[in-house]
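Raw coords37.cif, mmCIF, C-alpha atoms:
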```
data_entry
#
loop_
_atom_site.label_atom_id
_atom_site.label_comp_id
_atom_site.auth_asym_id
_atom_site.auth_seq_id
_atom_site.Cartn_x
_atom_site.Cartn_y
_atom_site.Cartn_z
CA MET A 100 10.14 25.34 63.74
CA PHE A 101 9.58 21.72 64.69
CA PHE A 102 9.31 19.03 62.03
CA HIS A 103 8.36 15.41 61.97
CA ILE A 104 10.73 13.68 59.62
CA VAL A 105 11.76 10.19 58.49
CA LEU A 106 15.50 9.60 58.44
CA GLU A 107 17.71 6.66 57.65
CA ARG A 108 20.94 5.57 59.28
CA ASN A 109 23.27 2.62 59.01
CA MET A 110 23.82 1.26 62.48
CA GLN A 111 26.78 -0.94 63.33
CA LEU A 112 26.20 -3.49 66.03
CA HIS A 113 28.72 -5.65 67.84
CA PRO A 114 28.01 -9.39 67.67
CA ARG A 115 27.71 -9.62 71.46
CA HIS A 116 24.33 -7.89 71.18
CA PHE A 117 22.92 -10.48 68.80
CA GLY A 118 20.09 -12.54 70.11
CA ARG A 119 16.60 -12.02 71.34
CA ASN A 120 17.13 -8.39 72.27
CA LEU A 121 18.85 -7.34 69.05
CA ARG A 122 16.08 -4.90 68.13
CA GLU A 123 16.08 -3.26 71.55
CA HIS A 124 19.85 -2.92 71.44
CA LEU A 125 19.69 -1.34 68.00
CA ILE A 126 17.03 1.15 69.07
CA SER A 127 18.76 2.19 72.27
CA LYS A 128 22.02 2.62 70.33
CA LEU A 129 20.14 4.70 67.77
CA MET A 130 18.77 6.95 70.51
CA LYS A 131 22.21 7.38 72.04
CA ASP A 132 23.80 8.13 68.68
CA VAL A 133 21.20 10.40 67.15
CA GLU A 134 19.28 12.33 69.82
CA GLY A 135 20.82 15.69 70.53
CA THR A 136 22.85 15.76 67.32
CA CYS A 137 22.64 18.62 64.89
CA SER A 138 22.99 18.90 61.13
CA GLY A 139 22.60 21.78 58.75
CA ARG A 140 19.98 20.03 56.67
CA HIS A 141 17.72 18.75 59.42
CA GLY A 142 18.59 20.82 62.47
CA PHE A 143 18.55 19.41 65.99
CA VAL A 144 17.21 15.91 66.48
CA VAL A 145 15.08 16.48 69.56
CA ALA A 146 13.56 13.01 69.96
CA ILE A 147 13.00 9.75 68.11
CA THR A 148 9.30 8.98 67.91
CA GLY A 149 9.37 5.60 66.21
CA VAL A 150 11.29 3.08 64.13
CA GLU A 151 9.77 2.39 60.71
CA SER A 152 11.92 -0.49 59.57
CA ILE A 153 15.18 -2.29 60.22
CA GLY A 154 16.74 -3.75 57.10
CA LYS A 155 18.80 -6.88 56.70
CA GLY A 156 22.17 -6.80 58.41
CA LEU A 157 25.38 -6.97 56.44
CA ILE A 158 28.56 -8.37 57.95
CA ARG A 159 31.48 -6.03 57.50
CA ASP A 160 34.61 -7.62 56.11
CA GLY A 161 37.40 -8.10 58.57
CA THR A 162 35.35 -7.29 61.65
CA GLY A 163 32.46 -9.04 63.29
CA PHE A 164 30.30 -5.92 63.18
CA VAL A 165 27.04 -6.01 61.31
CA THR A 166 25.53 -2.97 59.63
CA PHE A 167 21.75 -2.53 59.77
CA PRO A 168 19.95 0.14 57.75
CA VAL A 169 17.41 1.68 60.13
CA LYS A 170 14.56 3.96 59.10
CA TYR A 171 13.22 6.05 61.94
CA GLN A 172 10.84 8.94 62.58
CA CYS A 173 11.95 11.83 64.71
CA VAL A 174 11.07 15.33 65.81
CA VAL A 175 13.66 17.88 64.71
CA PHE A 176 13.97 21.58 65.39
CA ARG A 177 15.40 23.79 62.69
CA PRO A 178 15.30 27.57 62.39
CA PHE A 179 14.69 29.15 59.00
CA LYS A 180 15.46 32.53 57.57
CA GLY A 181 12.34 34.65 57.77
CA GLU A 182 10.89 32.58 60.60
CA ILE A 183 9.38 34.30 63.64
CA LEU A 184 10.52 32.84 66.96
CA GLU A 185 9.79 33.61 70.57
CA ALA A 186 13.08 33.62 72.41
CA VAL A 187 14.33 34.22 75.94
CA VAL A 188 17.11 36.79 76.35
CA THR A 189 20.23 35.29 77.97
CA MET A 190 22.75 38.10 77.78
CA VAL A 191 22.71 41.82 76.98
CA ASN A 192 25.73 43.92 76.03
CA LYS A 193 26.44 47.06 74.04
CA MET A 194 26.84 45.05 70.84
CA GLY A 195 23.31 43.69 71.12
CA PHE A 196 21.77 40.74 72.95
CA PHE A 197 21.80 36.95 72.88
CA ALA A 198 18.65 34.91 73.15
CA GLU A 199 17.66 31.25 73.13
CA ALA A 200 14.78 29.57 71.38
CA GLY A 201 14.85 25.90 72.32
CA PRO A 202 18.28 24.52 71.46
CA VAL A 203 19.07 27.43 69.13
CA GLN A 204 21.16 30.48 70.03
CA ILE A 205 20.25 33.82 68.44
CA PHE A 206 22.16 37.08 68.41
CA VAL A 207 20.39 40.38 67.79
CA SER A 208 22.84 43.15 66.94
CA ASN A 209 22.18 46.71 68.11
CA HIS A 210 21.74 47.62 64.42
CA LEU A 211 18.67 45.43 64.46
CA ILE A 212 17.15 46.82 67.62
CA PRO A 213 14.74 49.75 67.07
CA ASP A 214 16.51 53.13 66.95
CA ASP A 215 14.62 54.49 69.94
CA MET A 216 16.06 51.84 72.28
CA GLU A 217 19.32 52.76 73.99
CA PHE A 218 21.82 50.59 75.78
CA GLN A 219 22.01 51.09 79.54
CA SER A 220 24.93 49.48 81.36
CA GLY A 221 25.01 48.57 85.05
CA ASP A 222 24.24 45.48 87.13
CA MET A 223 21.46 44.54 84.77
CA PRO A 224 22.49 45.77 81.32
CA ASN A 225 19.47 46.46 79.14
CA TYR A 226 18.02 48.24 76.15
CA THR A 227 15.35 50.75 77.07
CA THR A 228 13.18 53.21 75.20
CA SER A 229 13.63 56.88 76.12
CA ASP A 230 10.35 56.91 78.05
CA GLY A 231 11.31 53.68 79.85
CA SER A 232 8.14 51.89 78.80
CA VAL A 233 9.90 49.00 77.02
CA LYS A 234 12.93 47.23 78.42
CA ILE A 235 14.96 44.31 77.11
CA GLN A 236 17.10 42.59 79.72
CA LYS A 237 18.11 39.09 80.77
CA ASP A 238 15.12 36.71 80.90
CA SER A 239 12.89 39.02 78.85
CA GLU A 240 10.83 37.20 76.24
CA VAL A 241 11.13 38.67 72.77
CA ARG A 242 9.53 37.90 69.47
CA LEU A 243 12.16 38.10 66.74
CA LYS A 244 12.69 37.30 63.12
CA ILE A 245 15.58 35.13 61.92
CA ILE A 246 17.57 36.79 59.16
CA GLY A 247 20.61 34.55 59.00
CA THR A 248 21.80 31.12 60.15
CA ARG A 249 25.18 29.48 60.61
CA VAL A 250 25.50 25.77 61.18
CA ASP A 251 28.23 24.30 63.33
CA ALA A 252 28.98 20.62 63.94
CA THR A 253 27.12 20.72 67.23
CA GLU A 254 24.94 23.81 67.16
CA ILE A 255 23.02 26.22 64.99
CA PHE A 256 23.62 29.89 65.46
CA CYS A 257 21.23 32.56 64.19
CA ILE A 258 21.14 36.28 63.63
CA GLY A 259 17.81 37.89 64.40
CA THR A 260 16.08 41.25 64.21
CA ILE A 261 13.42 42.99 66.28
CA LYS A 262 13.38 46.07 64.06
CA ASP A 263 10.12 45.39 62.31
CA ASP A 264 6.38 45.58 62.88
CA PHE A 265 4.93 43.31 65.55
CA LEU A 266 8.39 42.29 66.81
CA GLY A 267 9.97 43.02 70.19
CA VAL A 268 9.36 42.32 73.86
CA ILE A 269 6.44 40.03 74.67
CA ASN A 270 6.80 40.10 78.42
CA ASP A 271 9.16 41.73 80.82
CA PRO A 272 10.33 39.72 83.86
CA THR A 273 10.24 42.83 86.04
CA THR A 274 6.57 43.53 85.42
CA ILE A 275 5.37 40.08 86.50
CA MET B 150 26.20 54.65 81.03
CA GLU B 151 26.01 56.66 77.93
CA LYS B 152 29.38 55.53 76.77
CA GLY B 153 28.01 52.22 75.66
CA GLY B 154 25.00 53.80 74.11
CA LYS B 155 26.85 56.13 71.84
CA PRO B 156 28.46 53.69 69.46
CA GLY B 157 25.15 51.90 69.23
CA LYS B 158 23.43 55.08 68.32
CA GLY B 159 26.04 55.96 65.80
CA SER B 160 25.78 52.60 64.14
CA LEU B 161 22.05 52.78 64.11
CA LYS B 162 22.32 56.04 62.33
CA SER B 163 24.35 54.38 59.66
CA THR B 164 21.39 52.38 58.44
CA PRO B 165 19.26 55.27 57.39
CA LYS B 166 22.37 56.62 55.75
CA SER B 167 22.68 53.62 53.53
CA LEU B 168 19.02 53.92 52.74
CA GLY B 169 19.68 57.51 51.90
CA GLY B 170 22.34 56.26 49.54
CA LYS B 171 19.75 54.48 47.54
CA ASP B 172 17.74 57.62 47.33
CA ASP B 173 20.83 59.36 46.11
CA ASN B 174 21.03 56.92 43.26
CA SER B 175 17.54 57.67 42.23
CA MET B 176 18.39 61.32 42.48
CA LYS B 177 21.43 61.09 40.30
CA PRO B 178 19.73 60.10 37.10
CA LYS B 179 17.42 63.06 37.51
CA ARG B 180 20.43 65.29 37.78
CA GLY B 181 21.95 63.51 34.85
CA ARG B 182 18.85 64.08 32.89
CA LYS B 183 19.02 67.77 33.56
CA VAL B 184 22.57 67.86 32.34
CA GLN B 185 21.55 66.08 29.23
CA PHE B 186 18.84 68.54 28.51
CA ASN B 187 21.37 71.25 28.96
CA THR B 188 23.86 69.61 26.69
CA GLU B 189 21.41 68.52 24.09
CA GLY B 190 22.29 71.44 21.99
CA THR B 191 26.02 70.77 22.26
CA PHE B 192 27.51 67.34 23.02
CA ASN B 193 26.78 64.61 25.49
CA PHE B 194 30.44 64.50 26.53
CA SER B 195 30.37 67.90 28.05
CA SER B 196 28.69 66.62 31.21
CA LYS B 197 31.37 66.15 33.86
CA SER B 198 30.46 65.69 37.47
CA ASP B 199 29.20 62.08 37.94
CA GLY B 200 31.18 60.17 35.41
CA LYS B 201 29.53 56.83 35.94
CA THR B 202 25.90 57.68 35.89
CA GLU B 203 26.30 59.99 33.01
CA SER B 204 28.24 57.57 30.90
CA LEU B 205 25.25 55.30 31.40
CA PHE B 206 23.06 57.92 29.91
CA ASN B 207 25.46 58.58 27.15
CA LYS B 208 25.33 54.90 26.30
CA GLY B 209 21.63 55.27 26.12
CA GLY B 210 22.58 57.44 23.27
CA LEU B 211 20.81 60.62 22.50
CA SER B 212 18.31 59.41 24.97
CA LYS B 213 15.35 61.29 26.25
CA GLY B 214 14.32 61.50 29.84
CA GLY B 215 12.54 58.16 29.61
CA LYS B 216 15.75 56.17 29.81
CA GLY B 217 16.75 57.89 32.95
CA ASN B 218 13.48 56.89 34.49
CA LYS B 219 14.10 53.30 33.58
CA VAL B 220 17.42 53.25 35.35
CA ALA B 221 15.83 54.71 38.43
CA ASN B 222 13.12 52.08 38.27
CA ALA B 223 15.69 49.32 37.91
CA ALA B 224 17.41 50.52 41.05
CA LYS B 225 14.11 50.43 42.89
CA ALA B 226 13.35 46.94 41.58
CA SER B 227 16.63 45.66 42.93
CA ILE B 228 15.77 47.07 46.35
CA VAL B 229 12.53 45.15 46.29
CA LYS B 230 14.35 41.97 45.29
CA GLU B 231 16.76 42.31 48.20
CA SER B 232 13.94 41.91 50.66
CA LEU B 233 12.77 38.65 49.09
CA PRO B 234 15.17 36.23 50.86
CA LEU B 235 13.63 37.17 54.20
CA GLU B 236 10.44 35.41 53.29
CA LEU B 237 9.90 32.07 54.87
CA ARG B 238 10.62 29.34 52.37
CA ILE B 239 10.57 26.04 54.16
CA GLU B 240 9.29 23.47 51.69
CA PRO B 241 12.06 23.62 49.03
CA GLU B 242 14.76 23.09 51.65
CA LEU B 243 13.43 19.98 53.26
CA PRO B 244 13.06 16.37 52.10
CA LYS B 245 9.65 15.22 50.92
CA ASN B 246 8.72 13.03 53.86
CA THR B 247 8.74 15.97 56.26
CA LYS B 248 5.81 17.45 58.10
CA CYS B 249 5.96 20.85 59.72
CA LEU B 250 4.66 20.81 63.28
CA MET B 251 3.02 23.59 65.19
CA ASP B 252 4.57 24.25 68.58
CA CYS B 253 1.47 22.95 70.31
CA GLU B 254 1.64 19.70 68.31
CA ALA B 255 5.34 19.33 69.08
CA ALA B 256 4.68 19.95 72.78
CA HIS B 257 2.01 17.24 72.70
CA ILE B 258 4.37 14.70 71.07
CA LEU B 259 7.36 15.57 73.23
CA GLU B 260 5.35 15.38 76.45
CA GLY B 261 4.32 11.87 75.45
CA ILE B 262 7.95 10.97 74.90
CA GLN B 263 8.99 12.55 78.17
CA GLU B 264 6.82 10.06 80.04
CA GLN B 265 8.68 7.21 78.37
CA MET B 266 11.98 8.95 79.04
CA VAL B 267 11.28 8.82 82.75
CA LEU B 268 11.14 5.03 82.48
CA LEU B 269 14.27 4.96 80.35
CA SER B 270 16.16 7.24 82.67
CA ALA B 271 16.28 4.35 85.13
CA ASP B 272 18.85 2.95 82.70
CA PRO B 273 22.01 4.91 83.46
CA THR B 274 23.47 4.31 79.99
CA ILE B 275 20.74 6.42 78.40
CA LYS B 276 21.13 10.13 78.98
CA ILE B 277 18.37 12.55 78.11
CA PRO B 278 20.02 15.01 75.74
CA LEU B 279 20.05 18.70 76.55
CA SER B 280 18.36 19.58 73.29
CA PHE B 281 15.36 17.46 74.29
CA ASP B 282 14.78 19.42 77.49
CA ARG B 283 15.30 22.72 75.72
CA GLY B 284 13.10 21.69 72.82
CA LEU B 285 10.34 20.59 75.17
CA LEU B 286 10.55 23.78 77.19
CA TYR B 287 10.43 25.87 74.03
CA ALA B 288 7.49 23.90 72.63
CA LYS B 289 5.61 24.26 75.92
CA THR B 290 6.14 28.00 76.19
CA GLY B 291 5.49 28.47 72.50
CA SER B 292 2.23 26.53 72.38
CA HIS B 293 -0.56 29.03 72.64
CA TYR B 294 -3.45 26.69 71.96
CA THR B 295 -5.11 24.00 74.01
CA ASN B 296 -6.31 21.75 71.22
CA PRO B 297 -3.69 21.12 68.52
CA GLN B 298 -5.97 19.00 66.33
CA ALA B 299 -8.72 21.57 66.21
CA VAL B 300 -6.20 24.32 65.41
CA ARG B 301 -4.70 22.23 62.65
CA GLY B 302 -8.16 21.50 61.23
CA LEU B 303 -9.06 25.18 61.24
CA LEU B 304 -5.87 26.38 59.61
CA GLU B 305 -5.91 23.65 56.98
CA THR B 306 -8.92 25.30 55.45
CA LEU B 307 -6.44 27.97 54.32
CA SER B 308 -4.34 25.44 52.43
CA LYS B 309 -7.03 25.34 49.74
CA LEU B 310 -6.21 28.97 49.06
CA GLY B 311 -2.56 28.18 48.46
CA VAL B 312 -1.16 28.67 51.96
CA THR B 313 1.65 26.18 52.54
CA ASN B 314 2.00 23.90 55.53
CA GLY B 315 5.01 25.85 56.75
CA GLU B 316 3.04 29.09 56.67
CA ILE B 317 0.15 27.46 58.52
CA CYS B 318 2.49 26.37 61.31
CA GLN B 319 4.08 29.79 61.43
CA ILE B 320 0.67 31.40 61.89
CA ALA B 321 -0.15 29.01 64.73
CA ASN B 322 3.22 29.58 66.43
CA VAL B 323 2.90 33.35 66.29
CA CYS B 324 -0.64 33.29 67.67
CA PRO B 325 -1.67 36.50 65.91
CA GLU B 326 -4.59 38.68 66.87
CA THR B 327 -5.18 40.60 63.67
CA VAL B 328 -4.93 39.95 59.94
CA GLU B 329 -2.40 42.79 59.65
CA GLU B 330 -0.18 41.02 62.14
CA VAL B 331 -0.28 37.85 60.07
CA PHE B 332 0.66 39.68 56.88
CA ALA B 333 3.47 41.58 58.61
CA LEU B 334 5.00 38.50 60.18
CA VAL B 335 4.44 36.07 57.30
CA PRO B 336 5.03 38.31 54.29
CA SER B 337 4.91 35.42 51.85
CA LEU B 338 1.15 35.34 52.41
CA LYS B 339 0.84 38.66 50.61
CA LYS B 340 2.06 36.84 47.56
CA VAL B 341 -0.65 34.24 47.94
CA VAL B 342 -3.19 37.01 47.64
CA GLY B 343 -1.30 38.51 44.74
CA TYR B 344 -1.25 35.17 43.00
CA ILE B 345 -4.93 34.73 43.48
CA ILE B 346 -5.64 38.19 42.16
CA CYS B 347 -3.58 37.49 39.08
CA GLY B 348 -5.06 34.03 38.68
CA ILE B 349 -8.55 32.72 38.60
CA PHE B 350 -10.29 34.73 41.28
CA GLN B 351 -9.78 38.17 39.89
CA ALA B 352 -12.94 39.53 41.41
CA LYS B 353 -12.13 38.43 44.95
CA SER B 354 -9.18 40.61 45.71
CA SER B 355 -9.27 40.03 49.43
CA THR B 356 -9.56 36.27 49.15
CA LEU B 357 -7.07 35.51 51.86
CA SER B 358 -7.76 38.26 54.35
CA ASP B 359 -11.45 37.42 54.76
CA PRO B 360 -11.07 33.70 55.51
CA LEU B 361 -8.04 34.57 57.60
CA LYS B 362 -10.18 36.86 59.70
CA ASP B 363 -12.71 34.09 60.25
CA VAL B 364 -9.99 31.59 61.13
CA LEU B 365 -8.37 33.98 63.59
CA SER B 366 -11.61 34.64 65.39
CA GLU B 367 -12.21 30.87 65.63
CA LEU B 368 -8.63 30.31 66.82
CA ALA B 369 -9.11 32.78 69.64
CA LYS B 370 -11.47 30.24 71.24
CA PHE B 371 -8.64 27.73 71.65
CA LYS B 372 -6.17 30.17 73.12
CA LYS B 373 -4.59 29.22 76.41
CA SER B 374 -5.15 31.72 79.15
CA ARG B 375 -1.75 32.98 80.25
#
```
Write-out of the structure in structure tokens:
Amino acid sequence: MFFHIVLERNMQLHPRHFGRNLREHLISKLMKDVEGTCSGRHGFVVAITGVESIGKGLIRDGTGFVTFPVKYQCVVFRPFKGEILEAVVTMVNKMGFFAEAGPVQIFVSNHLIPDDMEFQSGDMPNYTTSDGSVKIQKDSEVRLKIIGTRVDATEIFCIGTIKDDFLGVINDPTTI
Amino acid sequence: MEKGGKPGKGSLKSTPKSLGGKDDNSMKPKRGRKVQFNTEGTFNFSSKSDGKTESLFNKGGLSKGGKGNKVANAAKASIVKESLPLELRIEPELPKNTKCLMDCEAAHILEGIQEQMVLLSADPTIKIPLSFDRGLLYAKTGSHYTNPQAVRGLLETLSKLGVTNGEICQIANVCPETVEEVFALVPSLKKVVGYIICGIFQAKSSTLSDPLKDVLSELAKFKKSR
């Protein structure tokens, strides 16, 4: 789910950037440093939407760098256990399938795919019901539920399930 | 072709098995009870087969069947508890100054930022991060409604009934068609009803499902045509 959140960060700025454009320099450095990063608590920082305040700078001993406390608003994306997401399937194999929802990777194990869906190998590996009416393959859109998350330094990885009511394929790329 | 399918099938079968295991537990006490009835005349120790379960009953002393029932109930209660963590609990995990966004709201904000990004991208030192593009794409595909403010306004009427902001956003992101769908996908809402039943509005047992029905029918008006 997306969130709008206020975060704080101490930014270090080299003295060569001091002057009229100090604020602009600080903000562009903030964008470079923060956007695209990922943390377990907040998830992915998708975009900075505004800067609330920039505190007074403090010169660091021994160097010319100055530290500014910056408060900024941003949009973050973080998956939660129990959350329902609509994801696009990226890879299918006999162990299950991988899907992506925004910046988040999700794996759905074959234990968590309905029992009536069987793995079919071939050029386009897929999971299909015995009557062939429902098919999960690459680029299919599925609605899944997150049941576990693991946070890395640079990405969040989730385990999902489609073995529940109202979960499963939303649209099949072959039928369009 | 089938080679790959087989292990999957086998492993799928294992799940019902484990479920069966739980049933076995609830069966055992019954068996234990029988043994106890049989041994009532003699001694409790004479029961042999399932050492563990029976020692439990022996601890219960010269217990009657009632105790056995309690153990079975306890096992069932723990099964119910296991399913609890799957409920969506967003608020306790996030800092206070956080607002959940519906996908359509996020898409609206990110599209605005994208326009600025185009200007910024003239500056080669600023790279648009991958997660921005992916986030925007996800928000766009996930936004089912045309008017985020109206949707927010509609769903906020539910917050008076104890529905949290996170649940409201989840409802909007799922874009449900029926009340049953909402309850199946956001199981924590069942609790809201339960709470209300236990609380002040005892008479109105379906407090949440009725307003939810109204809200869903209103929401349908804002749905994007796909």
List every protein, DNA or RNA residue that has at least one atom no more than 12 Å from (-5.5, 31.2, 79.5) in the file's coordinates, counting only C-alpha atoms, and write the result as a short mmCIF file (atom, residue, chain, number, x, y, z; two decimals) with C-alpha atoms, keeping the file's coordinate frame.
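That gives us selection-v2.cif:
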```
data_model
loop_
_atom_site.label_atom_id
_atom_site.label_comp_id
_atom_site.auth_asym_id
_atom_site.auth_seq_id
_atom_site.Cartn_x
_atom_site.Cartn_y
_atom_site.Cartn_z
CA SER B 292 2.23 26.53 72.38
CA HIS B 293 -0.56 29.03 72.64
CA TYR B 294 -3.45 26.69 71.96
CA THR B 295 -5.11 24.00 74.01
CA ALA B 369 -9.11 32.78 69.64
CA LYS B 370 -11.47 30.24 71.24
CA PHE B 371 -8.64 27.73 71.65
CA LYS B 372 -6.17 30.17 73.12
CA LYS B 373 -4.59 29.22 76.41
CA SER B 374 -5.15 31.72 79.15
CA ARG B 375 -1.75 32.98 80.25
#
```
Kindly resolve the PyMOL selection byres ((chain A) within 8 of (chain B)) on the present coordinates and return the residues as a ChimeraX atom specification. /A:100-105,127,131,134-135,140-141,143-146,148,174,176,179-185,193-194,200-202,209-210,214,217-221,246,264-265
Specify as a ChimeraX atom specification each residue included when the PyMOL selection byres ((chain B and resi 364-367) around 9) is applied to this file. /B:300,303-304,306-307,324-328,359-363,368-371
Leaving out Ala186 of chain A and any residue of its chain fewer than 5 positions from it, which residues lie within 6 Å of it when counting all atoms listed in the file, given as a PyMOL selection string? chain A and resi 198-200+240-241
Rounded to one decimal place, report the atom CA of Val267 of chain B-atom CA of Asp132 of chain A distance in Å. 18.8 Å
My list of candidates is B:Glu240, B:Leu338, B:His257, B:Met266. Which is closest to Gly311 of chain B when distances are computed with only C-alpha atoms? B:Leu338
What lies within 10 Å of Gly267 of chain A using all atoms listed in the file, ignoring chain neighbours under 5 positions off, as number ranges by chain? A: 185, 212-213, 233-235, 239-244, 260-262
Test item: residues at most 9 Å from Arg249 of chain A, all atoms listed in the file, excluding those fewer than 3 positions along its chain, as a VMD selection string: chain A and resid 139 254 to 258
Selected residues written out with C-alpha atoms, as a compact mmCIF listing (two decimals), in the frame of the given file:
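out.txt written:
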```txt
# COMPACT_ATOMS: atom_id res chain seq x y z
CA GLY A 139 22.60 21.78 58.75
CA GLU A 254 24.94 23.81 67.16
CA ILE A 255 23.02 26.22 64.99
CA PHE A 256 23.62 29.89 65.46
CA CYS A 257 21.23 32.56 64.19
CA ILE A 258 21.14 36.28 63.63
```
Separation of atom CA of Asp222 of chain A and atom CA of Gln236 of chain A, in Å?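 Here the two named atoms are 10.7 Å from each other.
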Quick one, how far is atom CA of Asn270 of chain A from atom CA of Val191 of chain A?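 Separation of atom CA of Asn270 of chain A and atom CA of Val191 of chain A: 16.1 Å.
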